[in-house]
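Trainee: For reference, the structure I am asking about is given below.
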Protein chains: 4
Amino acid sequence: MIVVMRTSATEEDLSRLILALRERGLTPHVSQGIERTVVGVLGPIGPTGVPNTVGSLTPELGAQLESLTGVESILPVSKPYKLASREFHPESTIVRIPSPVGDVSVGGAEVVMMAGPCTVESEAQLIAAAYAARDGGASVLRGGAYKPSTSPYGFRGLGEAGLKLLAKAREETGLAVVTEVMTPADVGLVSEYADVLQVGARNMQNYYLLDEVGQTQTPVLLNLGLAATIEEWLLAAEYILARGNPNVILCERGIRTFEPSTRNTVDINAVPLIKQLSHLPIIVDPSQGTGKRSLVGAVSLAALAAGADGLIVEIHPHPEEALKDGAQSLTLEQYRDLMPPARAVAQAIGRDLAAPVASPIQLGA
Amino acid sequence: MIVVMRTSATEEDLSRLILALRERGLTPHVSQGIERTVVGVLGPIGPTGVPNTVGSLTPELGAQLESLTGVESILPVSKPYKLASREFHPESTIVRIPSPVGDVSVGGAEVVMMAGPCTVESEAQLIAAAYAARDGGASVLRGGAYKPSTSPYGFRGLGEAGLKLLAKAREETGLAVVTEVMTPADVGLVSEYADVLQVGARNMQNYYLLDEVGQTQTPVLLNLGLAATIEEWLLAAEYILARGNPNVILCERGIRTFEPSTRNTVDINAVPLIKQLSHLPIIVDPSQGTGKRSLVGAVSLAALAAGADGLIVEIHPHPEEALKDGAQSLTLEQYRDLMPPARAVAQAIGRDLAAPVASPIQLGA
Amino acid sequence: MIVVMRTSATEEDLSRLILALRERGLTPHVSQGIERTVVGVLGPIGPTGVPNTVGSLTPELGAQLESLTGVESILPVSKPYKLASREFHPESTIVRIPSPVGDVSVGGAEVVMMAGPCTVESEAQLIAAAYAARDGGASVLRGGAYKPSTSPYGFRGLGEAGLKLLAKAREETGLAVVTEVMTPADVGLVSEYADVLQVGARNMQNYYLLDEVGQTQTPVLLNLGLAATIEEWLLAAEYILARGNPNVILCERGIRTFEPSTRNTVDINAVPLIKQLSHLPIIVDPSQGTGKRSLVGAVSLAALAAGADGLIVEIHPHPEEALKDGAQSLTLEQYRDLMPPARAVAQAIGRDLAAPVASPIQLGA
Amino acid sequence: MIVVMRTSATEEDLSRLILALRERGLTPHVSQGIERTVVGVLGPIGPTGVPNTVGSLTPELGAQLESLTGVESILPVSKPYKLASREFHPESTIVRIPSPVGDVSVGGAEVVMMAGPCTVESEAQLIAAAYAARDGGASVLRGGAYKPSTSPYGFRGLGEAGLKLLAKAREETGLAVVTEVMTPADVGLVSEYADVLQVGARNMQNYYLLDEVGQTQTPVLLNLGLAATIEEWLLAAEYILARGNPNVILCERGIRTFEPSTRNTVDINAVPLIKQLSHLPIIVDPSQGTGKRSLVGAVSLAALAAGADGLIVEIHPHPEEALKDGAQSLTLEQYRDLMPPARAVAQAIGRDLAAPVASPIQLGA
């Protein structure tokens with residue numbers, strides 16, 4: 001249920017509404033727009049610890065609320081996801097990622113670049129990639145310390161040692177760090193090192209993991225599952241939001257189709273569709289989304305033109321030696337060369353790339 | 001087989017090579033680049049009327065050709081499609097569409113806009129859409145006179161009456177006309193009225209239709225099939241090329257996936273992939289590709305940023321009254337509003353929109 | 001609209017109803033069941049030559065018809081396909097295929113085997129396969145004279161010479177013949193030779209071809225398209241039925257999925273689903289449906305257990321030498337060995353294999 | 001690497017080989033067939049705790065082993081999965097599930113029935129379903145205590161209370177119990193109550209969960225993921241096997257396709273394909289696989305005819321009141337009626353249904 005306030009509503013009107021909702025065991029989510037305020041309402045907290053959206057929002061209640069001063073109308077939420085829907089929360093959400101040199105904002109006018117190796121392999125590899133990422137305009141460093149491996153005999157990442165290298169790279173370069181967390185038991189540890197927790201495609205419906213990251217306040221980068229629908233994706237986001245963490249960024253990284261010549265198919269339609277259905281920011285991963293280095297540039301530009309709030313790109317100092325996904329990693333030079341056209345496309349649609357991160361040393365940090 | 005000429009090769013060297021190939025019953029396809037000339041070679045014409053690519057290209061033959069003056073090297077073609085491959089024909093093809101006011105070039109630096117109603121319904125509807133298309137910068141008018149209808153009880157188009165209205169709109173506005181042809185027996189008739197023959201998604205592997213349009217010289221707009229792979233698409237193009245019609249434009253219009261909230265999924269990866277695999281121009285249909293008016297704008301910009309050579313967009317003076325596909329048709333105003341950002345994105349990657357078509361009246365045509 | 005007659009309705013009641021319908025320009029389709037009679041009603045013939053199902057079935061008309069003696073109730077048809085739906089035609093349809101030694105019935109208690117080579121290659125190959133097919137219990141010989149080839153350089157079949165060999169094999173063995181027709185212009189010629197016209201997967205939505213085979217009375221074997229839905233399939237059948245040919249047999253031959261280790265995926269759910277939605281017989285092609293000889297046997301048995309009315313299986317005297325699809329063709333011995341378990345499974349669900357075809361020579365034919 | 005022993009090899013030859021392998025840090029897996037013995041060989045245990053299959057199997061080592069008495073040949077394993085492959089382990093595996101009244105064998109000549117409600121809702125519901133399952137011939141009771149819910153507001157199961165009800169039902173009826181475990185932290189608790197741990201489709205690539213169930217000896221029922229390939233499925237099984245748990249049963253429960261009229265599409269090809277690629281037993285879930293009660297019967301028979309080692313079917317005393325998946329649950333009567341044709345189909349291919357479970361009371365248990 002959504003309560004739309006009149007443009008003439010006062011702070012007192014709002015407070016009275018909130019009080020009325022709380023007295024009935026309901027949870028208000030206030031969304032203050034430029035013109036008017038909208039209050040999303042969820043039902044009482046149920047036995048599973050998340051608000052119950054079913055059963056308690058009767059017509060009588062609607063009539064009572066509509067009679068309050070300052071309330072213009074009461075609307076149902078038509079989607080199975082509530083907190084994630086734009087109906088419920090009309091203003092676009094900006095997720096702030098803390099970094100050593102100031103917050104990085106995802107979802108605002110400026111497009112955010114995230115880059116780094118698929119996998120953290122060594123200090124030399126990571127630091128080289130981190131400097132190149134920053135020089136190329138990235139604000140966030142990606143790098144996997146825990147890696148999903150289709151085979152049990154494959155490389156599964158450096159684990160905590162990898163996290164420590166990421167922390168070191170952050171300290172040196174001033175970049176924020178995003179890295180994947182794969183199981184609920186690791187959320188605490190990874191949160192100590194990372195600024196953004198990535199939930200991978202295979203875990204998009206790992207509900208215990210979603211519950212766990214939902215209980216932190218750390219920003220979460222939530223990948224689209226390989227065969228998930230848009231609605232399932234937003235319901236996965238809803239898990240995190242319902243647990244109390246509002247800092248969700250969606251990451252489109254391709255879906256599985258029958259096309260054999262690319263690793264995945266980037267569903268470009270999803271970018272504007274998410275913008276209509278949800279207030280959450282969305283970024284695109286053209287590396288996973290194509291699986292081919294030669295396609296990453298063009299698909300990056302397409303994602304920005306479609307309205308993505310950022311890109312996350314795999315880069316590697318020596319892709320041909322990469323332990324994983326070398327074929328889809330840009331060289332450091334290719335990454336640098338992608339930035340000028342990326343900036344031009346962002347500007348063409350009235351946005352811009354986020355300003356480069358200042359060096360922590362320059363800042364005296 | 002591909003013969004790469006030395007940069008120092010003379011016209012005489014080339015003539016000698018061509019003669020040597022013809023004497024052996026082989027067909028040369030000369031592709032003159034800025035730096036050097038490449039000659040694609042197909043085998044003798046087989047009993048089905050198309051060149052046989054198998055069997056005749058022996059190592060002995062390779063050695064003989066390599067010994068000719070001016071020949072640098074002989075390379076096999078690694079793909080099942082030959083004439084459609086960029087290996088075979090390294091220069092990008094520019095397809096010229098004749099129009100009352102001069103040729104429209106597809107595949108060059110300028111991006112071409114095609115627009116019009118899904119279906120030709122009446123003179124008033126078509127002419128209004130045609131003027132709006134032209135005012136919005138389109139060079140080509142789309143409109144279906146023969147429509148595929150999933151149901152036998154559905155509307156199947158006005159037929160020849162629709163073709164006549166298209167011809168009238170061309171005369172009035174100076175726009176070239178593209179319209180679908182659905183069966184071999186209609187190719188002659190449709191060619192009399194249309195400047196471009198569109199082969200629809202359901203007919204991408206209708207080989208008799210491909211044979212028939214391949215025997216004209218009219219440009220063909222070849223849609224990607226709903227469940228076709230990129231390789232199958234290029235092999236469908238190869239059918240047309242092998243029959244002797246070099247004027248093929250590819251049209252990506254979405255593939256079928258399990259995502260229920262959009263009609264189709266635009267495979268944006270296909271745009272740069274086609275550019276690498278083939279020399280043929282490629283345009284994108286964001287109307288069929290999304291099925292939702294509200295997504296058409298963003299996906300149009302994405303297609304241009306990815307490198308598409310044009311767009312084909314459904315527009316309608318009154319979408320809510322359209323006989324078909326109203327939900328995915330832009331209003332005339334929405335179409336006009338799409339052009340400035342489209343131009344900006346095209347310029348951001350070093351291209352531009354094609355100049356507006358001059359009125360035939362202004363030209364005294 | 002469906003008119004359900006009372007169990008007590010007389011022949012006169014039925015005649016009166018039919019007259020009443022015809023007077024109003026409507027077309028009755030009488031379906032006489034064991035217990036009661038049901039009359040499907042289509043609207044007047046529209047300008048495209050097929051009955052118009054929209055607009056004319058008003059509540060007033062319903063009330064008038066319901067008042068007639070013998071009429072129990074009037075029901076709407078809830079599906080977009082009418083003639084193909086089981087609502088409209090509750091009794092299962094049995095399609096009779098003429099053969100030199102008597103009709104073959106598809107859709108009755110007995111399961112029908114169709115077998116033969118993918119492609120007609122030579123008289124020796126075809127005759128060997130035909131005798132093996134018959135010895136293994138088949139009533140119908142398959143064999144392609146016109147072949148869809150993904151590449152323009154591939155083998156496209158022997159054409160009319162292939163049709164003549166099929167006719168010869170029919171004469172020798174007494175088997176009926178099914179062969180693919182690919183384009184409207186060939187329907188007349190192929191009908192001269194074949195007992196069943198197959199419409200291939202790529203042509204499931206070739207509406208001109210559907211129109212054309214719909215204007216014959218020759219049984220049509222209609223393949224499921226590679227990415228078609230069940231509803232689209234039944235609408236394709238509706239095209240044929242609406243044109244006046246009631247003899248449609250559906251053929252499930254696998255859909256395209258992202259599983260790379262099989263050529264297609266047999267959608268086994270489709271078999272009972274079609275039985276519920278439609279009265280038309282359905283057979284399964286495990287050769288196309290798997291692409292692997294080693295899977296054909298098990299999938300054949302599964303199809304019969306699921307309720308398929310028959311199988312169409314590719315066999316070849318020397319699969320390793322086949323021009324097409326050798327990898328999915330059974331040897332003649334493998335085919336023979338499949339029949340005893342096939343019979344046992346058919347009997348396990350209360351059906352049986354059709355009796356072997358008698359030799360025309362034995363019959364003195 | 002696989003060592004094939006001569007048919008004349010003695011026990012001593014085998015012991016000598018095993019010793020030779022162990023001395024080199026390699027792990028032998030002995031598979032004693034009727035005719036000959038085959039020894040699969042994995043490399044030394046690596047730092048991740050699973051054997052390393054790469055690098056240590058040199059040609060020199062091959063030559064040394066081939067020279068041992070009794071060794072016939074050394075073969076590489078061609079698949080990325082080793083322990084799960086039939087090459088490596090030619091004999092079919094029979095997984096034994098402990099039950100109060102004796103082991104249930106899955107993978108032998110007898111087909112095993114598993115049945116029960118989607119979700120444990122109450123003691124009355126579960127006990128009624130359990131008795132009906134047993135009366136209908138099931139040996140294993142299914143029932144979800146932890147349920148994946150697409151929405152955070154959906155029902156997520158009774159948790160441990162549900163496990164206790166399952167244990168009670170087992171005690172009363174003598175049926176073994178299979179229930180889903182969704183997160184590594186729950187494996188210990190669920191193992192205390194369940195005889196088989198089910199890993200759901202969404203968790204097929206939850207590697208931490210696979211690791212954890214791999215460290216028990218409890219049989220694991222491993223669902224095919226919604227968009228997983230056969231190879232990925234067998235690699236998920238390999239995770240469990242590589243951790244030391246040999247008791248893996250595969251469960252095909254449908255894949256996601258673009259067909260909207262069924263919940264999922266049962267890939268029937270997968271049943272014989274798994275039998276060829278792997279030695280592990282495979283069962284089919286026609287309830288999840290179709291989503292429609294009316295299709296469950298036919299698809300069950302198809303699965304058995306294709307060679308499945310069992311079925312897992314959702315049943316409910318009052319499907320219309322079920323909390324989850326009522327539309328795909330059979331009534332108790334429908335389930336009972338399915339057993340006679342299921343038995344007949346099993347017998348038609350030379351197998352049989354497992355004998356009914358004796359009552360624990362009859363046994364005095």
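Chain labels run A, B, ... following the order of the structure tokens; each chain numbers its residues from 1, and ligands are numbered from 1 in the order shown.
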Would you give me, as JSON, numbers by chain, the residues of chain D that come within 9 Å of chain A, using only C-alpha atoms?

Mentor: {"D": [46, 48, 50, 51, 52, 53, 54, 80, 81, 148, 149, 150, 151, 152, 153, 154, 155, 156, 182, 183, 184, 185, 202, 203, 204, 205, 206, 207, 208, 209, 226, 227, 228, 232, 235, 236, 238, 239, 240, 242, 243, 256]}

Trainee: What does the file look like for those residues with C-alpha atoms, as a compact mmCIF listing (two decimals), in the first residue's frame?

Mentor:
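Here's the written file result31.txt:
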# COMPACT_ATOMS: atom_id res chain seq x y z
CA GLY D 46 45.60 -30.62 -3.27
CA THR D 48 41.68 -27.33 -1.25
CA VAL D 50 40.11 -32.47 -2.99
CA PRO D 51 42.28 -34.58 -5.27
CA ASN D 52 44.14 -32.70 -7.94
CA THR D 53 43.46 -34.24 -11.31
CA VAL D 54 45.87 -32.16 -13.26
CA PRO D 80 35.84 -32.65 -16.96
CA TYR D 81 34.05 -34.75 -14.35
CA PRO D 148 12.78 -21.77 -1.15
CA SER D 149 10.38 -18.87 -1.61
CA THR D 150 10.84 -16.50 -4.53
CA SER D 151 9.34 -13.76 -2.37
CA PRO D 152 10.68 -12.77 1.05
CA TYR D 153 7.05 -12.54 2.16
CA GLY D 154 6.27 -16.13 1.17
CA PHE D 155 6.11 -19.19 3.40
CA ARG D 156 9.57 -20.58 4.06
CA MET D 182 19.25 -25.07 1.75
CA THR D 183 22.35 -23.76 3.47
CA PRO D 184 25.62 -25.27 4.75
CA ALA D 185 24.87 -24.38 8.36
CA ARG D 202 18.42 -23.05 -7.14
CA ASN D 203 21.31 -24.53 -5.12
CA MET D 204 22.76 -26.87 -7.74
CA GLN D 205 25.78 -24.57 -7.98
CA ASN D 206 25.88 -23.54 -4.31
CA TYR D 207 29.37 -24.94 -3.94
CA TYR D 208 29.62 -24.46 -0.19
CA LEU D 209 26.47 -26.49 0.25
CA LEU D 226 16.84 -24.40 -13.99
CA ALA D 227 19.33 -23.31 -16.62
CA ALA D 228 22.13 -25.76 -16.00
CA GLU D 232 27.40 -28.60 -15.07
CA LEU D 235 30.29 -31.35 -12.15
CA ALA D 236 28.03 -30.45 -9.23
CA GLU D 238 31.56 -34.35 -8.77
CA TYR D 239 31.86 -31.77 -5.96
CA ILE D 240 29.99 -34.12 -3.64
CA ALA D 242 35.23 -35.46 -4.57
CA ARG D 243 34.54 -34.58 -0.95
CA ARG D 256 13.29 -23.30 -17.94

Trainee: I need the residues of segment 257-295 of chain C that end up classed as helix (DSSP H, G or I) by DSSP on the backbone, written out as a count of residues only.

Mentor: 16

Trainee: Between A:Glu314, A:Cys251, A:Lys82, A:Ala124, which has the minimum distance to His29 of chain A (counting only C-alpha atoms)?

Mentor: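 Among the listed residues, the smallest separation from His29 of chain A belongs to A:Lys82.
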
Trainee: Would you kindly return, as a list in words, each protein, DNA or RNA residue with an atom no farther than 10 Å from any atom of segment 290-292 of chain B, considering only C-alpha atoms and excluding same-chain residues fewer than 3 positions away?

Mentor: Ile268, Asn269, Ala270 and Leu273 of chain A; Arg253, Gly254, Ile255, Ser261, Thr262, Arg263, Asn264, Thr265, Val266, Asp285, Pro286, Ser287, Leu295, Val296, Gly297, Val299, Asp325, Gly326, Ala327, Gln328, Ser329 and Leu330 of chain B
